[in-house]
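Q: Sharing a structure, written as structure tokens. Questions coming.
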Amino acid sequence: MNPIAFSTLGMPGAPADEVIAVAATYGCAGVELRCADGEIVAPDTSAADLRQVRRAFDEAGVEIVAVCSYTRVARPDGDTVAEVLRHVEIAEALGSPFVRVFGGVEGQDDPAAAATRRLAEVADRLPDNGVDVLLETHDVFLTGEAIAGVLAGVGSPRIGALWDVVNPWRAGETAAATADALAPYLRHVQIKDAAAPTELAPVLPGRGAVGVPGVLAELDRLGYTGYLALEWERVWYPDAPPVGDALAAFREVLGR
């Protein structure tokens, strides 16, 4: 059975001890940490504070699976390569194997070329520290096909894919097609559910229209052995039930 994790997106502003307690209650081996102001870690968190965060999770036996940045690597402004490399430093300090990045912004010219160029530069500059960078199915790269096109151009084993299962589905790509496209690159998976492609408020896993069991079947077909991480978007939908309710439903789906 795949190890289970959850994102701190479901516990906005919660301190490390509360996140660790939820992980213990619901049998989660790992967590994704949002890297944002007001959260456990942020882009400007000091080295000393990062060591303290790592110590807390290490002592609890909970892996920090990914540092989730909000860098859009193809966006037309700013030094996105430097931003990604800063998050790689943070992940190294936390003992995390992955940094999550997004793609670009709607309406920009040729975001795939920009993303490919910048991620290739990131790959060339990555230190030998065990931290890889994952491009998520998101924003201008909603589908597995779009992500695979970028990653094929990058051509580095240090740059992989993160499958957020809602986004290819809402773009009309089947789970089988996404799985096939991402197969050479897939390193991490975020599970969530929704009522319809145009209604993205969180729905308890297995009770929406995404077809979570079908996604799990495709992952089994691929032989995927990595984490399945619940992404419960309570940050954006504060009226959603607590993350514990979603984790209980998640475990129920996984146990079927």
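Within each chain, counting starts at residue 1; across the structure tokens, chains are named A, B, ... in the order shown, with ligands numbered 1 upward in that order.
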So which residues touch stretch 147-158 of chain A within 9 Å, counting only C-alpha atoms, skipping near sequence neighbours fewer than 6 positions away, as a list in words?

A: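 Non-adjacent residues within range: Gly103, Ala112, Ala113, Ala115, Thr116, Arg117, Arg118, Leu119, Ala120, Glu121, Ala123, Asp124, Leu126, Gly130, Val131, Asp132, Val133, Leu134, Leu135, Glu136, Thr137, Phe141, Ala181, Leu182, Ala183, Pro184 and Tyr185 of chain A.
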
Q: Give the helix (DSSP H, G or I) residues of stretch 55-239 of chain A, as DSSP finds them on the backbone, and put them as a ChimeraX atom specification.

A: /A:55-60,80-94,111-125,144-154,166-170,175-182,212-222

Q: Please provide the set of residues having any atom within 9 Å of stretch 39-56 of chain A, restricted to only C-alpha atoms, with same-chain residues fewer than 6 positions apart removed, written as a ChimeraX atom specification.

A: /A:8,12-17,20,33,62,64,67,69,83,86-87,90,93-95

Q: Have a look at A:Asp245, A:Glu63, A:Asp220, A:Asp164 and name the one nearest to A:Leu204; count only C-alpha atoms.

A: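 Between A:Asp245, A:Glu63, A:Asp220, A:Asp164, the residue approaching A:Leu204 most closely is A:Asp245.
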
Q: Residues at most 10 Å from A:Asp109, counting only C-alpha atoms, excluding those fewer than 4 positions away in the same chain, as a short mmCIF file (atom, residue, chain, number, x, y, z; two decimals) with C-alpha atoms, in the first residue's frame?

A:
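And here is the file that came out, selection.cif:
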```
data_model
loop_
_atom_site.label_atom_id
_atom_site.label_comp_id
_atom_site.auth_asym_id
_atom_site.auth_seq_id
_atom_site.Cartn_x
_atom_site.Cartn_y
_atom_site.Cartn_z
CA ALA A 74 7.19 30.30 -16.77
CA ARG A 75 5.82 33.61 -15.57
CA PRO A 76 7.16 36.60 -17.50
CA GLY A 104 2.81 30.09 -15.73
CA VAL A 105 0.05 32.64 -16.07
CA ALA A 113 9.24 27.24 -23.91
CA ALA A 114 9.81 29.48 -20.89
#
```

Q: Between A:Ala175, A:Ala229, A:Ala21, A:Ala36, which residue has the minimum interatomic distance to A:Arg251, considering only C-alpha atoms?

A: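 That would be A:Ala229, the residue with the smallest distance to A:Arg251.
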
Q: State, in Å with one decimal place, the distance from atom CA of A:Gly255 to atom CA of A:Pro213.

A: 10.3 Å
